[in-house]
Every structure is written in C-alpha cells, then in structure tokens.
Amino acid sequence: MLEVNDLSLHYGQSQILYDVTLDAPTGQITAVMGNNGVGKTSLLKAVAGRHPFSGGKVHASGVSVGSGSAVRSARAGIAYVPQGREIFPMMTVLENLETGFALLPRDARTIDEDIFELFPVLSDMRTRRGGDLSGGQQQQLAIARALITRPGVLLLDEPTEGIQPNVIQQIGACLRLLRDRGDMAIVLVEQNADFAYDIGDRFVMIEGGRVRRRAEKSRYSRDQMLEDLAL
Ligand SMILES: Nc1ncnc2c1ncn2[C@@H]1O[C@H](COP(=O)(O)OP(=O)(O)O)[C@@H](O)[C@H]1O
Ligand SMILES: [Mg+2]
C-alpha cells in the first residue's frame with residue numbers, strides 16, 4: 001500500500017502541491033483526477049522519485065521512500081508509467097522491457113511469462129522496434145516495462161491519452177486483472193472521466209495542488225464526480 005502524507009512540491013519558487021495526503025490500498029485502483037495543470041503528474045513524479053518533494057512523507061508498504069531518488073522509490077516497490085509513455089523508439093520491444101532489469105538483482109532478471117499473457121501483442125512483436133509500434137501498443141509496452149520489477153505499487157499517468165477506444169478497453173481489462181490479483185496498489189491518474197469512473201474503486205480529486213475530495217466509489221456517483229470536475 002502507498003501512503004502519501006502532507007506532500008508539498010515546488011518548481012523553483014513556485015509551489016505546485018500543498019499538503020497532499022492520500023493512501024492507495026493494495027488490491028484497489030485509486031483514481032487521481034483533476035483538470036489540466038492541477039499537479040497530478042507532479043504528484044506521481046514525487047512518489048516515483050523523479051522530482052524532489054519539499055515537504056511531507058511517502059511510504060510504500062511501510063518503507064519510507066524519501067525525496068528525489070528514483071532508485072529508492074523503485075526499491076520500495078514503486079513502478080511508474082510516465083505520461084507520454086517514454087518508450088525507447090530505437091530499441092526492440094524486448095530491449096525496452098529489459099531496461100526494467102537495472103534495479104533487479106542479477107538472478108531476478110527474467111521476464112515473467114505472465115507479462116506476455118497480459119499483453120499478447122508484445123509477444124508477437126518482441127523483435128520490433130518500439131518506435132514502430134502504434135500508440136496503444138507503446139502504452140502496453142510502457143505498462144509491461146513497469147511490471148518487470150514485480151512492483152507493489154503501480155503508478156500510471158494518463159494511460160488512455162491519445163489511444164483508440166478498443167485499446168482503452170484492453171488496458172482497462174489489464175488493470176482490472178492486475179487489481180484482482182490482490183498484490184498491487186494501483187494509482188491511476190486520468191482525465192478520461194468515464195474510464196476512471198468505470199475502473200476506479202476510490203477517487204481523489206485534486207484542485208490547485210490540493211486534495212479537494214476523497215471518496216469510495218460506493219459513496220460517490222458518476223454525476224457527483226462530473227460535477228466535481230466541472231465538466
Ligand atoms: N518542470 C517544470 N517546471 C516548472 N513548472 C512546471 C514543471 N512541470 C510542471 N509545471 C507546472 O506545474 C503545474 C502542474 O503541472 P502538472 O503536474 O504537469 O499538472 P497535471 O499533470 O495535473 O496536468 C502546472 O502549472 C505546470 O505548468
Ligand atoms: Mg499530467
């Protein structure tokens with residue numbers, strides 16, 4: 001499980017996140033939502049150690065993650081699928097997956113066969129270059145690469161952005177499967193409200209760098225969510 005307490009973050013002099021507190025339990029999908037520019041990506045970057053935070057604490061499965069260290073964050077079991085996917089276009093699918101090995105001990109550097117069961121299209125394309133894949137395939141590759149470390153916390157930043165509806169369905173099915181295995185806390189940042197409401201178990205609404213609302217799905221209607229997003 002992931003716990004974020006009173007997190008603040010700055011870029012230079014400008015403060016972007018203010019006392020953000022949220023938890024993401026194992027076996028559930030926690031959807032973090034909010035309009036453009038409210039700080040969702042910054043929050044994930046802080047948790048993933050890609051940008052230092054200026055105050056607060058992050059724990060994954062009880063392990064303190066500290067600020068600004070991608071290695072410590074990964075060792076605490078956190079994996080990150082960045083917005084825009086960031087796969088390596090000149091490397092093959094297999095090589096892209098193998099970049100996930102860097103943080104694993106040598107004897108753990110194998111690709112579990114269940115990764116290819118989750119994403120059969122990657123199995124068929126093992127030797128293709130990342131840059132030759134469609135946007136949807138690249139997104140699946142980015143998720144698969146994050147799973148290589150067998151994380152306890154999976155962070156995804158707008159995985160449906162710019163992706164065709166049929167692939168969005170596949171990604172949704174895959175995230176449900178991972179959730180239902182019951183050994184991973186999934187944090188999903190989304191602007192696609194329908195998708196997020198459909199697969200989310202819990203919702204955290206961000207506005208102006210602050211948490212405006214936290215809600216369990218059973219107590220939070222789709223209409224209320226849309227109203228909170230002022231769509
Ligand atoms: N590297 C950066 N340097 C300075 N400002 C940034 C940087 N990255 C993002 N910002 C600003 O921080 C705010 C939050 O951005 P971001 O976390 O990307 O929001 P979101 O993901 O919710 O759209 C925005 O105002 C954005 O312009
Ligand atoms: Mg963003």
# chains A, B, ... in the order shown; residues from 1 in each chain; ligands from 1
>>> residues_around(residues="Ala142 (chain A)", least_positions_apart="2", cutoff="8 Å", atoms="only C-alpha atoms", output="list in words")
Val81, Arg85, Glu86, Ile87, Gln138, Gln139, Gln140, Ala144, Arg145 and Ala146 of chain A
>>> residues_near_ligand(ligand="ligand 2", cutoff="7 Å", atoms="only C-alpha atoms and all ligand atoms", output="PyMOL selection string")
chain A and resi 36-37+39-41+83+157
>>> closest_atom_pairs(of="chain A", to="ligand 1", cutoff="9 Å", atoms="only C-alpha atoms and all ligand atoms", output="tab-separated table")
residue	atom	partner	partner_atom_place_in_ligand_line	distance
A:His10	CA	ligand 1	5 (N)	8.2
A:Tyr11	CA	ligand 1	4 (C)	4.9
A:Gly12	CA	ligand 1	4 (C)	7.2
A:Ser14	CA	ligand 1	5 (N)	7.6
A:Gln15	CA	ligand 1	12 (O)	8.2
A:Ile16	CA	ligand 1	12 (O)	5.6
A:Leu17	CA	ligand 1	14 (C)	8.2
A:Met33	CA	ligand 1	22 (O)	8.1
A:Gly34	CA	ligand 1	22 (O)	6.4
A:Asn35	CA	ligand 1	22 (O)	6.1
A:Asn36	CA	ligand 1	23 (O)	3.8
A:Gly37	CA	ligand 1	23 (O)	3.5
A:Val38	CA	ligand 1	22 (O)	4.0
A:Gly39	CA	ligand 1	17 (O)	3.3
A:Lys40	CA	ligand 1	22 (O)	3.7
A:Thr41	CA	ligand 1	21 (O)	3.6
A:Ser42	CA	ligand 1	17 (O)	3.7
A:Leu43	CA	ligand 1	17 (O)	6.5
A:Leu44	CA	ligand 1	17 (O)	8.2
A:Lys45	CA	ligand 1	17 (O)	8.2
A:His51	CA	ligand 1	1 (N)	8.8
A:Gln83	CA	ligand 1	21 (O)	8.3
A:Asp157	CA	ligand 1	21 (O)	8.0
A:Glu158	CA	ligand 1	21 (O)	8.7
A:Val189	CA	ligand 1	21 (O)	8.2
A:Gln191	CA	ligand 1	22 (O)	9.0
A:Ile206	CA	ligand 1	22 (O)	8.1
A:Glu207	CA	ligand 1	22 (O)	8.7
A:Gly208	CA	ligand 1	14 (C)	8.4
A:Gly209	CA	ligand 1	14 (C)	7.5
>>> residues_around(residues="Ala31 (chain A)", least_positions_apart="5", cutoff="7 Å", atoms="only C-alpha atoms", output="JSON list (two decimals) with C-alpha atoms, in the first residue's frame")
[["chain", "number", "residue", "atom", "x", "y", "z"],
["A", 187, "VAL", "CA", -2.73, 4.66, -8.69],
["A", 188, "LEU", "CA", -4.30, 5.86, -11.90],
["A", 189, "VAL", "CA", -4.10, 9.49, -12.98],
["A", 190, "GLU", "CA", -6.78, 10.14, -15.57],
["A", 196, "ALA", "CA", -11.64, 6.35, -14.48],
["A", 200, "GLY", "CA", -11.67, 3.10, -10.19],
["A", 202, "ARG", "CA", -11.65, 5.09, -4.95],
["A", 203, "PHE", "CA", -11.25, 8.65, -6.13],
["A", 204, "VAL", "CA", -9.05, 11.56, -5.13]]
>>> residues_around(residues="Gln169 (chain A)", least_positions_apart="3", cutoff="12 Å", atoms="only C-alpha atoms", output="VMD selection string")
chain A and resid 136 140 159 to 160 163 to 166 172 to 176 194 to 196 198 to 199
>>> select_by_dssp(residues="region 154-220 of chain A", states="helix (DSSP H, G or I)", output="count of residues only")
27
>>> closest_residue(among="A:Lys217, A:Ala79, A:Val63, A:Pro120", to="Gly100 (chain A)", atoms="only C-alpha atoms")
A:Ala79
>>> select_by_dssp(residues="region 7-226 of chain A", states="strand (DSSP E or B)", output="PyMOL selection string")
chain A and resi 7-11+14-24+29-33+55-60+63-64+78-81+92+129+153-157+185-190+202-207+210-216
>>> atom_distance(atom1="CA of Leu156 (chain A)", atom2="CA of Val58 (chain A)")
16.9 Å
>>> closest_atom_pairs(of="region 93-159 of chain A", to="region 66-77 of chain A", cutoff="8 Å", atoms="only C-alpha atoms", output="tab-separated table")
residue	atom	partner	partner_atom	distance
A:Leu103	CA	A:Val71	CA	7.3
A:Thr149	CA	A:Gly77	CA	7.7
A:Arg150	CA	A:Gly77	CA	7.6
A:Pro151	CA	A:Gly77	CA	4.6
A:Gly152	CA	A:Gly77	CA	5.1
A:Val153	CA	A:Gly77	CA	6.0
>>> residues_around(residues="Leu178 (chain A)", least_positions_apart="5", cutoff="10 Å", atoms="only C-alpha atoms", output="CSV table (one decimal) with C-alpha atoms, in the first residue's frame")
chain,number,residue,atom,x,y,z
A,27,GLY,CA,-5.8,-4.7,-4.4
A,28,GLN,CA,-7.6,-1.5,-5.4
A,29,ILE,CA,-7.5,1.1,-8.1
A,118,LEU,CA,-1.3,-9.9,-20.2
A,147,LEU,CA,5.7,-4.6,-14.3
A,154,LEU,CA,1.9,0.8,-9.9
A,172,GLY,CA,-8.9,-1.3,-18.7
A,173,ALA,CA,-9.2,-5.1,-18.7
A,183,ASP,CA,-1.0,-7.8,-4.5
A,184,MET,CA,-0.7,-4.4,-6.0
A,185,ALA,CA,-1.8,-0.9,-5.2
A,186,ILE,CA,-2.7,0.9,-8.5
>>> closest_residue(among="A:Gln224, A:Thr26, A:Thr110, A:Thr99", to="Gly182 (chain A)", atoms="only C-alpha atoms")
A:Thr26
>>> atom_distance(atom1="CA of Ala230 (chain A)", atom2="CA of Gly56 (chain A)")
29.1 Å
>>> decode(residues="region 115-147 of chain A", atoms="C-alpha atoms", output="PDB file, in the first residue's frame")
ATOM      1  CA  ILE A 115       3.650 -10.339 -18.908  1.00  0.00           C
ATOM      2  CA  PHE A 116       3.160 -11.755 -22.397  1.00  0.00           C
ATOM      3  CA  GLU A 117      -0.108 -13.355 -21.294  1.00  0.00           C
ATOM      4  CA  LEU A 118      -1.322  -9.917 -20.192  1.00  0.00           C
ATOM      5  CA  PHE A 119      -0.113  -8.324 -23.433  1.00  0.00           C
ATOM      6  CA  PRO A 120      -0.117 -10.942 -26.203  1.00  0.00           C
ATOM      7  CA  VAL A 121       0.597  -8.271 -28.806  1.00  0.00           C
ATOM      8  CA  LEU A 122       4.026  -7.688 -27.214  1.00  0.00           C
ATOM      9  CA  SER A 123       4.829 -11.361 -27.506  1.00  0.00           C
ATOM     10  CA  ASP A 124       4.180 -11.214 -31.251  1.00  0.00           C
ATOM     11  CA  MET A 125       6.339  -8.099 -31.563  1.00  0.00           C
ATOM     12  CA  ARG A 126       9.325  -8.964 -29.364  1.00  0.00           C
ATOM     13  CA  THR A 127      11.862  -8.073 -32.032  1.00  0.00           C
ATOM     14  CA  ARG A 128      10.133  -4.958 -33.426  1.00  0.00           C
ATOM     15  CA  ARG A 129      11.445  -1.518 -32.624  1.00  0.00           C
ATOM     16  CA  GLY A 130       9.483   0.429 -30.038  1.00  0.00           C
ATOM     17  CA  GLY A 131       9.121   3.322 -32.452  1.00  0.00           C
ATOM     18  CA  ASP A 132       7.333   1.096 -34.982  1.00  0.00           C
ATOM     19  CA  LEU A 133       4.525   0.232 -32.546  1.00  0.00           C
ATOM     20  CA  SER A 134       1.159   2.007 -32.558  1.00  0.00           C
ATOM     21  CA  GLY A 135       0.359   4.370 -29.699  1.00  0.00           C
ATOM     22  CA  GLY A 136      -1.766   1.730 -27.996  1.00  0.00           C
ATOM     23  CA  GLN A 137       0.954  -0.894 -28.323  1.00  0.00           C
ATOM     24  CA  GLN A 138       3.525   1.542 -26.921  1.00  0.00           C
ATOM     25  CA  GLN A 139       1.278   2.165 -23.933  1.00  0.00           C
ATOM     26  CA  GLN A 140       1.009  -1.566 -23.323  1.00  0.00           C
ATOM     27  CA  LEU A 141       4.790  -1.798 -23.587  1.00  0.00           C
ATOM     28  CA  ALA A 142       5.217   1.018 -21.050  1.00  0.00           C
ATOM     29  CA  ILE A 143       2.929  -0.796 -18.594  1.00  0.00           C
ATOM     30  CA  ALA A 144       4.671  -4.109 -19.217  1.00  0.00           C
ATOM     31  CA  ARG A 145       8.072  -2.485 -18.618  1.00  0.00           C
ATOM     32  CA  ALA A 146       6.845  -1.152 -15.280  1.00  0.00           C
ATOM     33  CA  LEU A 147       5.692  -4.630 -14.270  1.00  0.00           C
TER      34      LEU A 147
END
